[in-house]
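So this one's run-v9.cif, mmCIF, C-alpha atoms and all ligand atoms:
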```
data_work
#
loop_
_atom_site.label_atom_id
_atom_site.label_comp_id
_atom_site.auth_asym_id
_atom_site.auth_seq_id
_atom_site.Cartn_x
_atom_site.Cartn_y
_atom_site.Cartn_z
CA MET A 1 0.00 0.00 0.00
CA LYS A 2 1.58 3.26 -1.11
CA ILE A 3 0.78 5.51 1.78
CA GLU A 4 4.14 7.29 2.06
CA ASN A 5 5.20 10.34 0.01
CA LEU A 6 1.74 11.74 -0.38
CA THR A 7 0.70 15.27 -1.22
CA PHE A 8 -2.24 16.71 0.67
CA GLN A 9 -4.46 19.62 -0.16
CA VAL A 10 -5.92 21.47 2.82
CA THR A 11 -9.00 23.59 2.23
CA ALA A 12 -9.95 26.66 4.25
CA ALA A 13 -12.31 29.62 3.96
CA ALA A 14 -11.34 32.36 1.51
CA GLY A 15 -9.14 34.94 3.21
CA ILE A 16 -7.66 32.74 5.92
CA GLU A 17 -5.37 30.51 3.81
CA SER A 18 -2.20 32.12 5.15
CA LEU A 19 -3.28 31.33 8.72
CA THR A 20 -3.94 27.70 7.84
CA ALA A 21 -0.53 27.48 6.16
CA ARG A 22 1.04 28.99 9.29
CA GLU A 23 -0.71 26.38 11.41
CA LEU A 24 0.68 23.62 9.19
CA ARG A 25 4.21 25.05 9.48
CA ASP A 26 3.87 25.40 13.27
CA LEU A 27 2.82 21.74 13.37
CA ASN A 28 6.07 20.92 11.49
CA PHE A 29 4.54 19.53 8.32
CA GLN A 30 6.83 19.29 5.29
CA ASN A 31 6.85 21.49 2.23
CA VAL A 32 3.85 23.65 3.17
CA ARG A 33 2.96 25.89 0.25
CA ILE A 34 0.18 28.10 -1.12
CA ASP A 35 -0.15 28.17 -4.90
CA ASP A 36 -1.21 31.05 -7.17
CA ARG A 37 -4.83 30.01 -6.72
CA SER A 38 -4.57 30.20 -2.92
CA ARG A 39 -4.64 26.43 -2.62
CA ILE A 40 -2.73 25.01 0.35
CA PHE A 41 -0.60 21.86 0.09
CA PHE A 42 1.87 19.88 2.17
CA ASP A 43 3.71 16.59 1.76
CA GLY A 44 3.61 13.67 4.17
CA ASN A 45 2.47 10.18 4.98
CA PHE A 46 -0.68 8.65 6.43
CA THR A 47 0.29 9.53 10.00
CA ASP A 48 0.76 13.17 8.99
CA MET A 49 -2.73 13.12 7.50
CA MET A 50 -4.16 11.89 10.81
CA ARG A 51 -2.23 14.55 12.75
CA ALA A 52 -3.42 17.30 10.40
CA ASN A 53 -7.05 16.26 10.90
CA LEU A 54 -6.62 16.14 14.67
CA TRP A 55 -4.77 19.44 15.05
CA LEU A 56 -5.82 21.97 12.42
CA ARG A 57 -8.02 24.71 13.89
CA THR A 58 -8.75 26.89 10.87
CA ALA A 59 -9.07 24.34 8.03
CA ASP A 60 -12.12 22.69 6.48
CA ARG A 61 -10.68 19.48 5.05
CA VAL A 62 -7.56 17.44 4.34
CA LYS A 63 -7.53 15.68 0.98
CA ILE A 64 -5.10 13.29 -0.67
CA VAL A 65 -3.99 14.62 -4.05
CA MET A 66 -4.24 11.67 -6.45
CA GLY A 67 -3.04 13.57 -9.49
CA GLU A 68 -3.13 16.73 -11.57
CA PHE A 69 -3.14 16.95 -15.35
CA GLN A 70 -4.39 18.93 -18.31
CA ALA A 71 -7.65 17.73 -19.87
CA LYS A 72 -9.38 19.53 -22.71
CA THR A 73 -11.40 16.58 -24.00
CA PHE A 74 -13.42 13.83 -22.33
CA GLU A 75 -11.10 11.23 -23.89
CA THR A 76 -8.06 12.76 -22.18
CA LEU A 77 -9.98 13.12 -18.95
CA PHE A 78 -10.96 9.44 -19.03
CA ASP A 79 -7.46 8.24 -19.90
CA GLN A 80 -5.72 10.40 -17.32
CA VAL A 81 -8.13 9.49 -14.50
CA TYR A 82 -7.73 5.83 -15.46
CA THR A 83 -3.94 6.12 -15.23
CA LEU A 84 -3.95 7.19 -11.56
CA ASN A 85 -3.27 4.57 -8.89
CA TRP A 86 -6.75 4.35 -7.36
CA GLU A 87 -6.06 0.81 -6.14
CA ASP A 88 -3.45 2.20 -3.72
CA PHE A 89 -6.36 3.49 -1.65
CA ILE A 90 -9.64 2.00 -2.78
CA PRO A 91 -10.03 -1.68 -1.88
CA LEU A 92 -12.45 -4.02 -3.60
CA GLY A 93 -15.95 -3.48 -2.21
CA ALA A 94 -15.38 0.10 -1.04
CA LYS A 95 -17.74 2.97 -1.86
CA PHE A 96 -16.12 5.62 -4.02
CA PRO A 97 -18.66 8.32 -4.81
CA VAL A 98 -17.42 11.09 -7.09
CA ALA A 99 -18.71 14.39 -5.70
CA LYS A 100 -20.33 17.02 -7.91
CA ALA A 101 -17.53 18.19 -10.21
CA LYS A 102 -16.31 21.79 -10.20
CA SER A 103 -15.29 23.40 -13.47
CA VAL A 104 -13.95 26.94 -13.80
CA LYS A 105 -12.80 28.56 -17.08
CA SER A 106 -12.37 25.15 -18.73
CA GLN A 107 -13.39 23.60 -22.01
CA LEU A 108 -14.96 20.71 -20.10
CA HIS A 109 -17.62 22.84 -18.48
CA ASN A 110 -20.44 20.30 -18.25
CA GLU A 111 -19.99 19.34 -14.62
CA PRO A 112 -22.32 16.31 -14.55
CA SER A 113 -20.44 14.81 -17.51
CA VAL A 114 -17.05 15.46 -15.88
CA GLN A 115 -18.36 13.73 -12.77
CA SER A 116 -19.69 10.66 -14.58
CA ILE A 117 -16.66 10.23 -16.87
CA THR A 118 -14.43 10.36 -13.80
CA LYS A 119 -16.49 7.69 -12.10
CA LYS A 120 -16.45 5.48 -15.21
CA ALA A 121 -12.67 5.72 -15.54
CA ILE A 122 -12.12 4.72 -11.91
CA VAL A 123 -14.61 1.86 -12.19
CA LYS A 124 -12.80 0.53 -15.28
CA LYS A 125 -9.43 0.74 -13.54
CA LEU A 126 -10.62 -1.09 -10.43
CA GLN A 127 -12.42 -3.76 -12.48
CA GLU A 128 -9.13 -4.49 -14.23
CA VAL A 129 -6.93 -4.40 -11.16
CA TYR A 130 -9.33 -6.59 -9.15
CA HIS A 131 -10.13 -8.89 -12.10
CA ARG A 132 -13.85 -8.17 -12.13
CA PRO A 133 -15.95 -8.56 -15.28
CA GLU A 134 -16.53 -5.32 -17.16
CA ASN A 135 -20.22 -5.98 -17.65
CA GLN A 136 -20.90 -6.24 -13.93
CA ALA A 137 -21.16 -3.25 -11.58
CA LEU A 138 -18.69 -3.16 -8.71
CA GLN A 139 -20.29 -3.79 -5.32
CA GLU A 140 -19.95 -0.66 -3.19
CA THR A 141 -20.83 -1.64 0.35
CA GLY A 142 -17.57 -1.06 2.26
CA PRO A 143 -15.84 2.05 3.66
CA GLU A 144 -16.28 5.31 1.79
CA TYR A 145 -13.53 7.08 -0.20
CA ARG A 146 -15.07 10.32 -1.43
CA ILE A 147 -13.47 11.52 -4.66
CA GLU A 148 -13.47 15.08 -5.93
CA ILE A 149 -12.54 16.51 -9.30
CA ALA A 150 -11.90 20.21 -9.82
CA LEU A 151 -11.11 21.69 -13.23
CA ASN A 152 -9.52 25.11 -13.50
CA LYS A 153 -8.32 26.48 -16.84
CA ASP A 154 -8.37 22.93 -18.26
CA PHE A 155 -6.24 21.66 -15.40
CA ALA A 156 -7.80 18.81 -13.41
CA THR A 157 -7.08 18.00 -9.77
CA LEU A 158 -8.26 14.67 -8.39
CA THR A 159 -8.45 14.20 -4.63
CA ILE A 160 -9.79 11.80 -2.00
CA ASP A 161 -11.28 13.41 1.11
CA THR A 162 -9.87 12.08 4.40
CA THR A 163 -11.94 14.29 6.72
CA GLY A 164 -15.64 13.49 6.27
CA ASP A 165 -17.78 16.11 8.00
CA SER A 166 -15.94 19.45 7.70
CA LEU A 167 -13.38 20.12 10.43
CA PHE A 168 -15.46 22.98 11.82
CA LYS A 169 -17.62 20.26 13.38
CA ARG A 170 -15.57 19.65 16.51
CA GLY A 171 -18.31 17.82 18.37
CA TYR A 172 -18.57 20.10 21.42
CA ARG A 173 -21.40 22.31 20.21
CA GLN A 174 -24.61 20.45 20.90
CA GLU A 175 -26.90 23.35 20.28
CA HIS A 176 -26.63 26.75 18.81
CA GLY A 177 -29.09 29.56 18.68
CA GLY A 178 -28.82 32.90 16.96
CA ALA A 179 -26.11 33.18 14.36
CA PRO A 180 -23.17 31.04 15.49
CA LEU A 181 -19.81 31.28 13.79
CA LYS A 182 -18.26 28.14 12.39
CA GLU A 183 -15.74 26.86 14.93
CA ASN A 184 -12.82 27.01 12.47
CA PHE A 185 -13.70 30.59 11.54
CA ALA A 186 -13.88 31.56 15.23
CA ALA A 187 -10.46 29.95 15.71
CA ALA A 188 -9.14 32.03 12.81
CA LEU A 189 -10.42 35.22 14.46
CA VAL A 190 -8.53 34.28 17.63
CA LEU A 191 -5.34 33.39 15.72
CA MET A 192 -5.43 36.81 14.03
CA THR A 193 -5.17 38.60 17.38
CA ASN A 194 -1.97 39.06 19.33
CA TRP A 195 -3.47 37.37 22.41
CA LEU A 196 -1.81 33.95 22.01
CA VAL A 197 1.62 35.59 22.35
CA ASN A 198 0.74 36.05 26.02
CA PRO A 199 -2.55 34.28 26.77
CA THR A 200 -2.57 35.03 30.48
CA ARG A 201 -3.91 38.49 29.55
CA PRO A 202 -7.68 38.94 29.84
CA PHE A 203 -9.69 37.77 26.82
CA VAL A 204 -13.34 38.86 26.50
CA ASP A 205 -16.02 38.29 23.89
CA ILE A 206 -18.65 40.94 24.64
CA THR A 207 -21.27 39.30 22.34
CA CYS A 208 -20.43 35.66 22.95
CA GLY A 209 -23.62 33.95 21.73
CA SER A 210 -23.01 30.20 21.99
CA GLY A 211 -19.42 30.77 23.15
CA THR A 212 -17.59 29.72 19.99
CA ILE A 213 -14.90 32.42 20.12
CA VAL A 214 -14.08 32.09 23.83
CA LEU A 215 -14.01 28.29 23.60
CA GLU A 216 -11.74 28.31 20.56
CA ALA A 217 -9.50 30.83 22.35
CA ALA A 218 -9.28 28.57 25.40
CA MET A 219 -8.52 25.49 23.30
CA ALA A 220 -5.80 27.29 21.35
CA ALA A 221 -4.17 28.71 24.49
CA LEU A 222 -4.29 25.35 26.29
CA HIS A 223 -2.93 23.59 23.21
CA MET A 224 -5.97 21.28 23.09
CA ALA A 225 -6.31 19.39 19.81
CA PRO A 226 -9.65 20.44 18.26
CA GLY A 227 -10.30 17.06 16.63
CA LEU A 228 -10.17 14.83 19.73
CA HIS A 229 -13.93 14.41 20.07
CA ARG A 230 -15.03 13.65 16.55
CA HIS A 231 -14.93 11.02 13.84
CA PHE A 232 -13.04 11.26 10.53
CA ALA A 233 -13.76 9.54 7.20
CA PHE A 234 -10.29 7.91 7.20
CA GLU A 235 -11.13 5.97 10.38
CA ASN A 236 -13.32 3.61 8.33
CA TRP A 237 -10.60 2.95 5.76
CA THR A 238 -8.94 -0.45 5.58
CA GLN A 239 -5.45 1.12 5.59
CA SER A 240 -6.06 3.08 8.80
CA ASP A 241 -4.07 1.97 11.82
CA LEU A 242 -6.56 2.80 14.60
CA GLN A 243 -4.02 1.88 17.26
CA LEU A 244 -1.80 4.62 15.83
CA LEU A 245 -4.71 7.07 15.88
CA SER A 246 -5.37 6.38 19.55
CA GLU A 247 -1.67 6.86 20.26
CA LEU A 248 -1.81 10.23 18.48
CA LYS A 249 -4.85 11.15 20.59
CA ILE A 250 -3.12 10.14 23.82
CA GLU A 251 -0.07 12.16 22.76
CA ALA A 252 -2.36 15.12 22.03
CA GLN A 253 -3.96 14.87 25.46
CA GLY A 254 -0.50 14.85 27.01
CA LEU A 255 0.43 18.03 25.16
CA ALA A 256 -2.52 20.00 26.55
CA LYS A 257 -1.41 22.63 29.07
CA ARG A 258 -4.39 22.20 31.37
CA ASP A 259 -2.74 24.01 34.27
CA LEU A 260 -2.14 27.30 32.45
CA SER A 261 -4.08 29.99 34.28
CA LEU A 262 -6.33 31.89 31.88
CA ASP A 263 -8.71 34.81 32.23
CA ILE A 264 -11.39 34.28 29.57
CA THR A 265 -14.90 35.72 29.77
CA GLY A 266 -17.95 35.48 27.54
CA ILE A 267 -20.59 38.20 27.83
CA ASP A 268 -24.08 38.25 26.34
CA ASN A 269 -27.30 39.99 27.30
CA ASP A 270 -29.41 37.00 26.33
CA PRO A 271 -29.74 34.49 29.21
CA GLN A 272 -30.57 31.70 26.77
CA MET A 273 -27.28 32.22 24.93
CA ILE A 274 -25.37 32.17 28.21
CA ALA A 275 -27.06 28.86 29.08
CA ILE A 276 -26.08 27.41 25.69
CA SER A 277 -22.49 28.66 26.11
CA ARG A 278 -22.29 26.99 29.51
CA ARG A 279 -23.46 23.66 28.10
CA ASN A 280 -20.92 23.83 25.26
CA THR A 281 -18.23 24.70 27.81
CA LEU A 282 -19.12 21.67 29.94
CA ALA A 283 -18.88 19.42 26.86
CA LEU A 284 -15.22 20.48 26.55
CA GLY A 285 -14.54 20.27 30.29
CA LEU A 286 -13.59 23.96 30.29
CA GLU A 287 -16.03 25.13 32.97
CA ASN A 288 -13.15 26.15 35.23
CA VAL A 289 -11.41 28.04 32.43
CA VAL A 290 -14.09 30.13 30.70
CA LYS A 291 -16.42 32.36 32.73
CA TYR A 292 -19.70 33.86 31.54
CA LYS A 293 -21.62 36.97 32.52
CA GLU A 294 -25.13 37.82 31.49
CA MET A 295 -24.95 41.58 30.90
CA ARG A 296 -25.16 44.27 28.25
CA LEU A 297 -21.88 45.06 26.54
CA GLN A 298 -22.70 48.74 27.18
CA ASP A 299 -22.01 48.07 30.87
CA PHE A 300 -18.66 46.36 30.38
CA THR A 301 -15.76 47.95 32.28
CA SER A 302 -12.45 46.62 33.51
CA ALA A 303 -9.65 47.87 35.73
CA GLN A 304 -7.26 45.36 34.16
CA LEU A 305 -4.71 46.34 31.55
CA ASP A 306 -3.68 44.98 28.17
CA GLY A 307 -6.72 42.76 27.55
CA VAL A 308 -8.09 41.54 24.24
CA ILE A 309 -11.71 41.85 23.09
CA VAL A 310 -13.01 39.84 20.16
CA SER A 311 -16.61 40.37 19.12
CA ASN A 312 -18.98 39.20 16.41
CA PRO A 313 -21.91 41.53 17.14
CA PRO A 314 -25.24 41.52 15.30
CA TYR A 315 -24.68 43.00 11.83
CA GLY A 316 -28.12 44.50 11.33
CA GLU A 317 -28.62 42.15 8.39
CA ARG A 318 -29.68 39.02 10.08
CA LEU A 319 -30.30 39.55 13.78
CA LEU A 320 -31.19 43.14 14.50
CA GLU A 321 -32.63 45.86 12.42
CA GLN A 322 -30.13 48.24 10.89
CA GLU A 323 -30.99 51.07 13.30
CA GLU A 324 -30.55 48.89 16.35
CA ALA A 325 -27.15 47.75 15.10
CA GLN A 326 -26.12 51.36 14.53
CA ALA A 327 -27.07 52.34 18.08
CA LEU A 328 -25.26 49.26 19.39
CA TYR A 329 -22.03 50.14 17.55
CA GLN A 330 -22.13 53.70 18.90
CA GLU A 331 -22.62 52.44 22.44
CA MET A 332 -19.92 49.83 21.92
CA GLY A 333 -17.49 52.59 20.96
CA GLU A 334 -18.38 54.55 24.08
CA ALA A 335 -18.06 51.52 26.37
CA LEU A 336 -14.71 50.37 24.96
CA ARG A 337 -13.02 53.77 24.52
CA PRO A 338 -11.81 53.98 28.16
CA LEU A 339 -10.00 50.62 27.78
CA LYS A 340 -7.01 52.29 26.15
CA THR A 341 -4.50 49.49 26.67
CA TRP A 342 -6.87 46.81 25.38
CA SER A 343 -6.81 45.55 21.80
CA LYS A 344 -10.21 45.20 20.17
CA TYR A 345 -11.18 43.05 17.20
CA ILE A 346 -14.69 43.42 15.80
CA LEU A 347 -16.16 41.44 12.89
CA THR A 348 -19.08 42.99 11.01
CA SER A 349 -20.51 43.37 7.52
CA ASN A 350 -21.64 46.91 8.33
CA GLU A 351 -19.54 49.28 6.23
CA SER A 352 -20.25 52.28 8.46
CA PHE A 353 -18.84 50.49 11.49
CA GLU A 354 -15.84 52.79 12.07
CA ALA A 355 -17.94 55.94 11.81
CA LEU A 356 -20.50 54.61 14.27
CA TYR A 357 -17.93 53.15 16.67
CA GLY A 358 -16.07 56.44 16.58
CA ALA A 359 -12.53 55.33 15.72
CA LYS A 360 -10.56 54.27 12.71
CA ALA A 361 -9.20 50.74 12.84
CA ASN A 362 -5.41 50.24 12.79
CA LYS A 363 -6.01 47.35 10.42
CA LYS A 364 -8.96 45.98 8.49
CA ARG A 365 -9.09 42.49 7.03
CA LYS A 366 -11.67 41.30 4.51
CA LEU A 367 -13.14 37.93 5.50
CA TYR A 368 -16.07 35.77 4.48
CA ASN A 369 -18.36 34.62 7.28
CA GLY A 370 -19.90 31.84 5.23
CA THR A 371 -21.00 33.69 2.10
CA LEU A 372 -21.32 37.05 3.81
CA ARG A 373 -18.57 39.57 3.16
CA THR A 374 -17.34 41.05 6.43
CA ASP A 375 -14.42 43.09 7.71
CA TYR A 376 -12.39 42.32 10.80
CA TYR A 377 -11.70 45.74 12.37
CA GLN A 378 -8.58 45.68 14.51
CA PHE A 379 -7.79 48.35 17.11
CA PHE A 380 -4.43 47.87 18.81
CA GLY A 381 -4.13 48.83 22.47
CA GLU A 382 -1.63 51.37 23.73
CA ARG A 383 1.30 49.86 25.59
CA PRO A 384 0.58 49.86 29.33
CA LYS A 385 2.75 52.53 31.01
CA LYS A 386 5.10 51.18 33.63
CA ASP A 387 5.09 53.13 36.94
N1 LIG B 1 -20.10 34.52 17.87
C1 LIG B 1 -21.33 33.98 18.44
C2 LIG B 1 -22.58 34.59 17.83
C3 LIG B 1 -22.78 36.02 18.20
S1 LIG B 1 -24.33 36.62 17.63
C4 LIG B 1 -21.37 32.46 18.26
O1 LIG B 1 -20.52 31.90 17.56
O2 LIG B 1 -22.29 31.83 18.77
C5 LIG B 1 -24.44 38.13 18.48
C6 LIG B 1 -24.76 38.02 19.95
O3 LIG B 1 -24.76 39.36 20.48
C7 LIG B 1 -26.13 37.42 20.28
O4 LIG B 1 -25.95 36.27 21.06
C8 LIG B 1 -26.84 38.54 21.06
O5 LIG B 1 -27.59 38.05 22.15
C9 LIG B 1 -25.68 39.40 21.56
N2 LIG B 1 -26.01 40.79 21.86
C10 LIG B 1 -26.79 41.63 21.13
N3 LIG B 1 -26.85 42.83 21.75
C11 LIG B 1 -26.07 42.76 22.86
C12 LIG B 1 -25.74 43.69 23.90
N4 LIG B 1 -26.20 44.91 23.91
N5 LIG B 1 -24.92 43.26 24.88
C13 LIG B 1 -24.43 42.00 24.88
N6 LIG B 1 -24.73 41.08 23.93
C14 LIG B 1 -25.54 41.45 22.93
#
```

Before we go any further, please render this structure as structure tokens.
Amino acid sequence: MKIENLTFQVTAAAGIESLTARELRDLNFQNVRIDDRSRIFFDGNFTDMMRANLWLRTADRVKIVMGEFQAKTFETLFDQVYTLNWEDFIPLGAKFPVAKAKSVKSQLHNEPSVQSITKKAIVKKLQEVYHRPENQALQETGPEYRIEIALNKDFATLTIDTTGDSLFKRGYRQEHGGAPLKENFAAALVLMTNWLVNPTRPFVDITCGSGTIVLEAAMAALHMAPGLHRHFAFENWTQSDLQLLSELKIEAQGLAKRDLSLDITGIDNDPQMIAISRRNTLALGLENVVKYKEMRLQDFTSAQLDGVIVSNPPYGERLLEQEEAQALYQEMGEALRPLKTWSKYILTSNESFEALYGAKANKKRKLYNGTLRTDYYQFFGERPKKD
């Protein structure tokens, strides 16, 4: 089984690719690179793939790259797909659905045809390798190997997904009300702050909702692997060494810095959201790490210095009416202005945010919260004066 020397593609939301690549480099993966289409790759073996799934906070999926080639006709597509070593991964009896094809600026633009030709070529290859008659469909009852084909400017990339449900599904969030952020996006917001440089400083989400941001902050600071409590597609594969996976999980648990003393608070004025946050916190065993307060952000004050605020307030598009959001941003500006040494990071789609809040951000970063275009407004705190 050829499960060494593999290339993996890691997918992440548009705008956060450089963070995901940084995560991969920090985790010591080999040959981490971002190509001219913002696609992220690294090289490794099967164990590396398991580690990436367990540890990546900002990514969506980890896929095995089976091959890349130019294909301008269906004949070439068929022949090239057929040439790839599918039998290295897909055993006889396995399911191998080909997902809806994606075609961008390519001659082969009929996606359903691309999808079905790809499937046919793999079927033919496996029938030959496993000596099955051509006139008989392959039984697909075993573990699932989900195949994807993406065409871009006539260049095809064939991958097998190792992740299954997207990595944002960590398994700790049983319920969510309101407009929760995806866990991997919340982690990205935390990784974009300067808080992890010194995570004993106060960290507050003044509109915490179901607690996603504060929980991702706690997990990152405590070095808790985000994938410990979930299942991955690769676990059903015949080539998976589940003993090795449990060793990687035990190693991950050993690396968690549970005794680090943190000062993390989630604030929300909706008692139901605070209750949901508390339940999610219990699911992670972080009830002694993350505190919650039911209060209005307008009433937030602190005598501490050098804290970090991250907030994903209502945008006025989905949760509150525009006018209410405007009043909220003005009051937010007034409440946070006295906290001169604190750094503040606010995500919103409202383009008048700075005017309403009453200050110009030091840095603004365009991000997509799902399909919604937002900006991450970053206000850096003044250095605390030493006396
Ligand atoms: N990031 C959160 C979702 C935040 S939605 C998550 O992932 O779950 C915005 C939250 O702001 C809602 O939970 C809402 O109750 C809260 N909110 C609205 N007005 C507020 C105010 N004045 N003070 C505190 N919280 C407020």

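Closest approach to Thr200 (chain A) among A:Glu140, A:Ala187, A:Ile264, A:Glu23: A:Ile264, based on all atoms listed in the file.
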
Axis-aligned box for all listed atoms of ligand LIG 1 (chain B), 4 Å per side, centre and edges in Å to one decimal, as JSON:
```
{"center_x": -23.8, "center_y": 38.4, "center_z": 21.2, "size_x": 15.5, "size_y": 21.1, "size_z": 15.3}
```

Hey, which residues come within 7 Å of ligand LIG 1 (chain B) if we count all atoms listed in the file? Could you give them as a PyMOL selection string? chain A and resi 176+178-182+206-213+267-270+273+295-298+311-314+328

Ranking A:Asn184, A:Thr76, A:Thr141, A:Ser113 by minimum distance to Ala13 (chain A) and counting all atoms listed in the file, which one comes first?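 Counting all atoms listed in the file, the residue closest to Ala13 (chain A) is A:Asn184.
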
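Close contacts of Pro97 (chain A), defined as residues with an atom at most 12 Å away when counting all atoms listed in the file, with chain neighbours fewer than 2 positions off set aside, comprise A:Ile90, A:Ala94, A:Lys95, A:Ala99, A:Lys100, A:Ala101, A:Gln115, A:Ser116, A:Thr118, A:Lys119, A:Lys120, A:Ile122, A:Val123, A:Glu140, A:Thr141, A:Gly142, A:Pro143, A:Glu144, A:Tyr145, A:Arg146, A:Ile147, A:Glu148, A:Ile149, A:Thr159, A:Ile160, A:Asp161.
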
Since we have the selection now, will you write its residues out, keeping C-alpha atoms, as a PDB file, in the frame of the given file?
```pdb
ATOM      1  CA  ILE A  90      -9.640   2.000  -2.780  1.00  0.00           C
ATOM      2  CA  ALA A  94     -15.380   0.100  -1.040  1.00  0.00           C
ATOM      3  CA  LYS A  95     -17.740   2.970  -1.860  1.00  0.00           C
ATOM      4  CA  ALA A  99     -18.710  14.390  -5.700  1.00  0.00           C
ATOM      5  CA  LYS A 100     -20.330  17.020  -7.910  1.00  0.00           C
ATOM      6  CA  ALA A 101     -17.530  18.190 -10.210  1.00  0.00           C
ATOM      7  CA  GLN A 115     -18.360  13.730 -12.770  1.00  0.00           C
ATOM      8  CA  SER A 116     -19.690  10.660 -14.580  1.00  0.00           C
ATOM      9  CA  THR A 118     -14.430  10.360 -13.800  1.00  0.00           C
ATOM     10  CA  LYS A 119     -16.490   7.690 -12.100  1.00  0.00           C
ATOM     11  CA  LYS A 120     -16.450   5.480 -15.210  1.00  0.00           C
ATOM     12  CA  ILE A 122     -12.120   4.720 -11.910  1.00  0.00           C
ATOM     13  CA  VAL A 123     -14.610   1.860 -12.190  1.00  0.00           C
ATOM     14  CA  GLU A 140     -19.950  -0.660  -3.190  1.00  0.00           C
ATOM     15  CA  THR A 141     -20.830  -1.640   0.350  1.00  0.00           C
ATOM     16  CA  GLY A 142     -17.570  -1.060   2.260  1.00  0.00           C
ATOM     17  CA  PRO A 143     -15.840   2.050   3.660  1.00  0.00           C
ATOM     18  CA  GLU A 144     -16.280   5.310   1.790  1.00  0.00           C
ATOM     19  CA  TYR A 145     -13.530   7.080  -0.200  1.00  0.00           C
ATOM     20  CA  ARG A 146     -15.070  10.320  -1.430  1.00  0.00           C
ATOM     21  CA  ILE A 147     -13.470  11.520  -4.660  1.00  0.00           C
ATOM     22  CA  GLU A 148     -13.470  15.080  -5.930  1.00  0.00           C
ATOM     23  CA  ILE A 149     -12.540  16.510  -9.300  1.00  0.00           C
ATOM     24  CA  THR A 159      -8.450  14.200  -4.630  1.00  0.00           C
ATOM     25  CA  ILE A 160      -9.790  11.800  -2.000  1.00  0.00           C
ATOM     26  CA  ASP A 161     -11.280  13.410   1.110  1.00  0.00           C
TER      27      ASP A 161
END
```

Using all atoms listed in the file, can you tell me which of A:Ala59, A:Leu282, A:Ala156, A:Ala52 comes closest to Phe29 (chain A)?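 So, comparing all the options, the nearest one is A:Ala52.
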
Quick one: of A:His223, A:Arg33, A:Lys291, A:Lys340, who's nearest to Thr265 (chain A), counting all atoms listed in the file?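 Of A:His223, A:Arg33, A:Lys291, A:Lys340, the one nearest Thr265 (chain A) is A:Lys291, counting all atoms listed in the file.
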
In terms of all atoms listed in the file, the residue from A:Glu331, A:Asn53, A:Ile3, A:Lys124 at minimal distance from Val65 (chain A) is A:Ile3

Residue nearest Ala21 (chain A) among A:Gly164, A:Gly171, A:Phe380, A:Ala188 (counting all atoms listed in the file): A:Ala188

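Computed from the coordinates, the CA of Gly93 (chain A) to CA of Gly44 (chain A) distance equals 26.8 Å.
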